[in-house]
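For reference, upload12.cif (mmCIF, C-alpha atoms and all ligand atoms):
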```
data_entry
#
loop_
_atom_site.label_atom_id
_atom_site.label_comp_id
_atom_site.auth_asym_id
_atom_site.auth_seq_id
_atom_site.Cartn_x
_atom_site.Cartn_y
_atom_site.Cartn_z
CA MET Z 1 0.00 0.00 0.00
CA ALA Z 2 2.69 2.46 1.04
CA LYS Z 3 4.63 1.65 -2.07
CA LYS Z 4 1.62 2.42 -4.25
CA THR Z 5 1.12 5.82 -2.57
CA LYS Z 6 4.73 6.74 -3.08
CA ARG Z 7 4.58 5.81 -6.71
CA ALA Z 8 1.46 7.93 -7.23
CA ARG Z 9 3.16 10.88 -5.58
CA THR Z 10 6.23 10.47 -7.78
CA VAL Z 11 4.06 10.37 -10.87
CA ARG Z 12 2.26 13.52 -9.77
CA ARG Z 13 5.55 15.29 -9.12
CA GLU Z 14 6.82 14.32 -12.53
CA ALA Z 15 3.58 15.54 -14.08
CA ASP Z 16 4.00 18.89 -12.32
CA ARG Z 17 7.53 19.20 -13.58
CA GLU Z 18 6.37 18.34 -17.07
CA GLN Z 19 3.63 20.98 -16.76
CA GLU Z 20 6.17 23.60 -15.70
CA LYS Z 21 8.42 22.73 -18.60
CA LEU Z 22 5.51 23.03 -21.03
CA ALA Z 23 4.51 26.36 -19.52
CA ALA Z 24 8.06 27.70 -19.86
CA THR Z 25 8.14 26.60 -23.50
CA ALA Z 26 4.76 28.22 -24.10
CA ARG Z 27 6.08 31.51 -22.65
CA ARG Z 28 9.10 31.43 -24.93
CA LEU Z 29 6.94 30.71 -27.98
CA HIS Z 30 4.50 33.46 -26.99
CA ALA Z 31 7.35 35.99 -26.80
CA LEU Z 32 8.36 35.08 -30.37
CA GLU Z 33 4.86 35.52 -31.78
CA PRO Z 34 3.81 38.80 -33.38
CA GLY Z 35 2.40 40.88 -30.52
CA GLY Z 36 3.97 38.65 -27.88
CA ALA Z 37 6.74 41.09 -26.97
CA PRO Z 38 7.27 44.88 -27.14
CA GLU Z 39 9.98 44.34 -29.78
CA HIS Z 40 7.38 43.21 -32.29
CA PRO Z 41 3.93 44.59 -31.50
CA LEU Z 42 0.86 43.94 -33.59
CA SER Z 43 -0.28 46.89 -35.62
CA VAL Z 44 -3.93 47.91 -35.41
CA PRO Z 45 -5.75 50.94 -36.87
CA THR Z 46 -7.61 51.94 -33.70
CA PRO Z 47 -7.41 51.24 -29.94
CA SER Z 48 -11.00 49.99 -29.93
CA VAL Z 49 -10.04 46.66 -31.54
CA VAL Z 50 -7.15 45.91 -29.19
CA GLU Z 51 -9.14 44.18 -26.44
CA ILE Z 52 -11.29 42.24 -28.90
CA ASP Z 53 -8.20 40.99 -30.68
CA ALA Z 54 -6.33 40.05 -27.50
CA THR Z 55 -9.21 38.07 -26.00
CA SER Z 56 -9.81 36.28 -29.32
CA ARG Z 57 -6.37 34.68 -29.03
CA PRO Z 58 -6.26 31.31 -27.28
CA CYS Z 59 -4.16 30.58 -24.21
CA GLY Z 60 -0.61 29.72 -25.25
CA ALA Z 61 -0.39 26.99 -22.63
CA CYS Z 62 -3.66 25.07 -22.98
CA GLY Z 63 -5.49 26.64 -25.93
CA GLY Z 64 -8.32 27.77 -23.68
CA GLU Z 65 -10.38 30.92 -24.02
CA THR Z 66 -9.00 34.05 -22.39
CA LYS Z 67 -10.69 36.98 -20.71
CA LEU Z 68 -9.55 40.56 -20.36
CA GLY Z 69 -7.29 41.37 -17.41
CA ASP Z 70 -6.24 44.95 -17.96
CA HIS Z 71 -5.28 47.32 -20.73
CA GLU Z 72 -2.54 49.89 -20.34
CA VAL Z 73 -0.52 52.31 -22.37
CA GLU Z 74 3.22 51.84 -21.93
CA GLU Z 75 6.21 53.62 -23.36
CA HIS Z 76 8.70 51.21 -24.90
CA GLU Z 77 11.78 51.62 -27.04
CA THR Z 78 9.59 50.70 -29.97
CA GLY Z 79 7.21 53.56 -29.13
CA ARG Z 80 3.96 54.00 -27.25
CA LEU Z 81 2.26 50.64 -27.04
CA ARG Z 82 -1.04 49.30 -25.83
CA VAL Z 83 -0.47 46.36 -23.52
CA VAL Z 84 -3.37 44.03 -22.90
CA ARG Z 85 -3.18 41.40 -20.20
CA VAL Z 86 -5.48 38.45 -20.66
CA ILE Z 87 -6.13 35.54 -18.31
CA CYS Z 88 -6.94 32.00 -19.39
CA LYS Z 89 -10.36 30.86 -18.21
CA LEU Z 90 -9.12 27.28 -17.93
CA CYS Z 91 -5.58 27.27 -16.54
CA ARG Z 92 -5.44 30.90 -15.24
CA ALA Z 93 -2.22 31.60 -17.14
CA GLU Z 94 -1.64 35.27 -17.92
CA TRP Z 95 -0.51 36.54 -21.28
CA ARG Z 96 0.44 40.00 -22.44
CA TRP Z 97 -0.20 41.23 -25.96
CA PHE Z 98 1.47 44.33 -27.37
CA TYR Z 99 -0.12 46.62 -29.93
CA ARG Z 100 0.92 49.68 -31.81
CA ILE Z 101 -1.79 52.00 -33.04
CA ALA Z 102 -0.91 52.66 -36.67
CA ALA Z 103 -0.80 56.36 -37.43
CA PRO Z 104 -3.53 57.33 -39.86
CA ASN Z 105 -2.12 58.52 -43.17
ZN ZN F 1 -4.76 28.09 -20.43
#
```
Can the structure in the file be given as structure tokens, please?
Amino acid sequence: MAKKTKRARTVRREADREQEKLAATARRLHALEPGGAPEHPLSVPTPSVVEIDATSRPCGACGGETKLGDHEVEEHETGRLRVVRVICKLCRAEWRWFYRIAAPN
């Protein structure tokens, strides 16, 4: 009996580690995506579409739906950016999407 419990715990621990590894990989991939980092923001014509766009993107970790966290304007080296934080409804992971409002011309 004791042996069985130990084995179950070990399996769970390994699963947690695996989950952490996957999450770390998902973060790295997210940062490489367009809009995933301030170095390469997504370009949109108007601020009004930013939140709609960000929440339409699935969670990078589990593919779940995301909901709006907050929406801020930040100054970055690449200019003034809109930063939208979304939270996964399934796994609660947080993701940040970066947008540049394209100047009308
Ligand atoms: Zn998720």
Residue contacts of Pro34 in chain Z (12 Å, all atoms listed in the file) excluding same-chain residues fewer than 6 positions away, as a PyMOL selection string
chain Z and resi 40-43+54+57+96-100
Those residues you just picked out, can you put them in a file as a tab-separated table (two decimals), in the frame of the given file with C-alpha atoms?
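Output contents, as saved in part_35.tsv:
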```tsv
chain	number	residue	atom	x	y	z
Z	40	HIS	CA	7.38	43.21	-32.29
Z	41	PRO	CA	3.93	44.59	-31.50
Z	42	LEU	CA	0.86	43.94	-33.59
Z	43	SER	CA	-0.28	46.89	-35.62
Z	54	ALA	CA	-6.33	40.05	-27.50
Z	57	ARG	CA	-6.37	34.68	-29.03
Z	96	ARG	CA	0.44	40.00	-22.44
Z	97	TRP	CA	-0.20	41.23	-25.96
Z	98	PHE	CA	1.47	44.33	-27.37
Z	99	TYR	CA	-0.12	46.62	-29.93
Z	100	ARG	CA	0.92	49.68	-31.81
```
Please report, as a Markdown table, each residue of chain Z lying at most 12 Å from ligand ZN 1 (chain F), together with the nearest pair of atoms and the separation in Å rounded to one decimal; use all atoms listed in the file, and order rows by chain and ascending residue number.
```
| residue | atom | partner | partner_atom | distance |
| --- | --- | --- | --- | --- |
| Z:Gln19 | CA | F:ZN1 | ZN | 11.6 |
| Z:Leu22 | CA | F:ZN1 | ZN | 11.5 |
| Z:Ala23 | CA | F:ZN1 | ZN | 9.5 |
| Z:Ala26 | CA | F:ZN1 | ZN | 10.2 |
| Z:Arg27 | CA | F:ZN1 | ZN | 11.6 |
| Z:Arg57 | CA | F:ZN1 | ZN | 11.0 |
| Z:Pro58 | CA | F:ZN1 | ZN | 7.7 |
| Z:Cys59 | CA | F:ZN1 | ZN | 4.6 |
| Z:Gly60 | CA | F:ZN1 | ZN | 6.6 |
| Z:Ala61 | CA | F:ZN1 | ZN | 5.0 |
| Z:Cys62 | CA | F:ZN1 | ZN | 4.1 |
| Z:Gly63 | CA | F:ZN1 | ZN | 5.7 |
| Z:Gly64 | CA | F:ZN1 | ZN | 4.8 |
| Z:Glu65 | CA | F:ZN1 | ZN | 7.2 |
| Z:Thr66 | CA | F:ZN1 | ZN | 7.6 |
| Z:Lys67 | CA | F:ZN1 | ZN | 10.7 |
| Z:Val86 | CA | F:ZN1 | ZN | 10.4 |
| Z:Ile87 | CA | F:ZN1 | ZN | 7.9 |
| Z:Cys88 | CA | F:ZN1 | ZN | 4.6 |
| Z:Lys89 | CA | F:ZN1 | ZN | 6.6 |
| Z:Leu90 | CA | F:ZN1 | ZN | 5.1 |
| Z:Cys91 | CA | F:ZN1 | ZN | 4.1 |
| Z:Arg92 | CA | F:ZN1 | ZN | 5.9 |
| Z:Ala93 | CA | F:ZN1 | ZN | 5.4 |
| Z:Glu94 | CA | F:ZN1 | ZN | 8.2 |
| Z:Trp95 | CA | F:ZN1 | ZN | 9.5 |
```
Z:Arg28, Z:Arg17, Z:Arg7, Z:Arg82 ranked by distance to Val49 in chain Z, top pick (using only C-alpha atoms):
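Comparing Z:Arg28, Z:Arg17, Z:Arg7, Z:Arg82 against Val49 in chain Z, the winner is Z:Arg82.
Atom pair CA of Leu29 in chain Z / CA of Thr10 in chain Z: separated by 28.6 Å.
For the residues Z:Leu68, Z:Ala37, Z:Leu32, Z:Ala24, ranking by smallest atom-to-atom distance to Ser56 in chain Z using only C-alpha atoms places Z:Leu68 first.
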Could you tell me how far CA of Ile101 in chain Z sits from CA of Pro47 in chain Z, in Å to one decimal place?
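Interatomic distance, CA of Pro47 in chain Z to CA of Ile101 in chain Z: 6.5 Å.
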Å distance separating CA of Asp70 in chain Z from CA of Pro38 in chain Z, one decimal place:
16.3 Å
So which residues touch Glu72 in chain Z within 9 Å, counting all atoms listed in the file, skipping near sequence neighbours fewer than 2 positions away, as number ranges by chain?
Z: 70, 74, 81-85
Would you mind exporting range 41-54 of chain Z with N, CA and C atoms, as a PDB file, in the first residue's frame?
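File written: part10.pdb
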```
ATOM      1  N   PRO Z  41       5.365  44.460 -31.791  1.00  0.00           N
ATOM      2  CA  PRO Z  41       3.933  44.589 -31.502  1.00  0.00           C
ATOM      3  C   PRO Z  41       3.080  44.352 -32.741  1.00  0.00           C
ATOM      4  N   LEU Z  42       1.831  44.021 -32.509  1.00  0.00           N
ATOM      5  CA  LEU Z  42       0.856  43.939 -33.595  1.00  0.00           C
ATOM      6  C   LEU Z  42       0.421  45.359 -33.930  1.00  0.00           C
ATOM      7  N   SER Z  43       0.147  45.572 -35.186  1.00  0.00           N
ATOM      8  CA  SER Z  43      -0.275  46.894 -35.622  1.00  0.00           C
ATOM      9  C   SER Z  43      -1.783  46.886 -35.866  1.00  0.00           C
ATOM     10  N   VAL Z  44      -2.475  47.817 -35.224  1.00  0.00           N
ATOM     11  CA  VAL Z  44      -3.928  47.915 -35.408  1.00  0.00           C
ATOM     12  C   VAL Z  44      -4.290  49.365 -35.727  1.00  0.00           C
ATOM     13  N   PRO Z  45      -5.394  49.577 -36.443  1.00  0.00           N
ATOM     14  CA  PRO Z  45      -5.752  50.936 -36.870  1.00  0.00           C
ATOM     15  C   PRO Z  45      -6.332  51.791 -35.738  1.00  0.00           C
ATOM     16  N   THR Z  46      -6.958  51.161 -34.754  1.00  0.00           N
ATOM     17  CA  THR Z  46      -7.612  51.939 -33.698  1.00  0.00           C
ATOM     18  C   THR Z  46      -7.592  51.179 -32.371  1.00  0.00           C
ATOM     19  N   PRO Z  47      -7.474  51.904 -31.250  1.00  0.00           N
ATOM     20  CA  PRO Z  47      -7.407  51.242 -29.938  1.00  0.00           C
ATOM     21  C   PRO Z  47      -8.638  50.394 -29.621  1.00  0.00           C
ATOM     22  N   SER Z  48      -9.752  50.686 -30.288  1.00  0.00           N
ATOM     23  CA  SER Z  48     -10.997  49.987 -29.934  1.00  0.00           C
ATOM     24  C   SER Z  48     -10.969  48.496 -30.271  1.00  0.00           C
ATOM     25  N   VAL Z  49     -10.070  48.083 -31.165  1.00  0.00           N
ATOM     26  CA  VAL Z  49     -10.037  46.657 -31.536  1.00  0.00           C
ATOM     27  C   VAL Z  49      -9.039  45.853 -30.705  1.00  0.00           C
ATOM     28  N   VAL Z  50      -8.239  46.558 -29.923  1.00  0.00           N
ATOM     29  CA  VAL Z  50      -7.150  45.909 -29.192  1.00  0.00           C
ATOM     30  C   VAL Z  50      -7.651  44.819 -28.239  1.00  0.00           C
ATOM     31  N   GLU Z  51      -8.654  45.147 -27.437  1.00  0.00           N
ATOM     32  CA  GLU Z  51      -9.141  44.184 -26.440  1.00  0.00           C
ATOM     33  C   GLU Z  51      -9.861  43.007 -27.101  1.00  0.00           C
ATOM     34  N   ILE Z  52     -10.578  43.303 -28.165  1.00  0.00           N
ATOM     35  CA  ILE Z  52     -11.285  42.244 -28.897  1.00  0.00           C
ATOM     36  C   ILE Z  52     -10.275  41.267 -29.482  1.00  0.00           C
ATOM     37  N   ASP Z  53      -9.220  41.833 -30.057  1.00  0.00           N
ATOM     38  CA  ASP Z  53      -8.198  40.993 -30.676  1.00  0.00           C
ATOM     39  C   ASP Z  53      -7.484  40.136 -29.624  1.00  0.00           C
ATOM     40  N   ALA Z  54      -7.107  40.768 -28.522  1.00  0.00           N
ATOM     41  CA  ALA Z  54      -6.330  40.053 -27.498  1.00  0.00           C
ATOM     42  C   ALA Z  54      -7.135  38.901 -26.896  1.00  0.00           C
TER      43      ALA Z  54
END
```
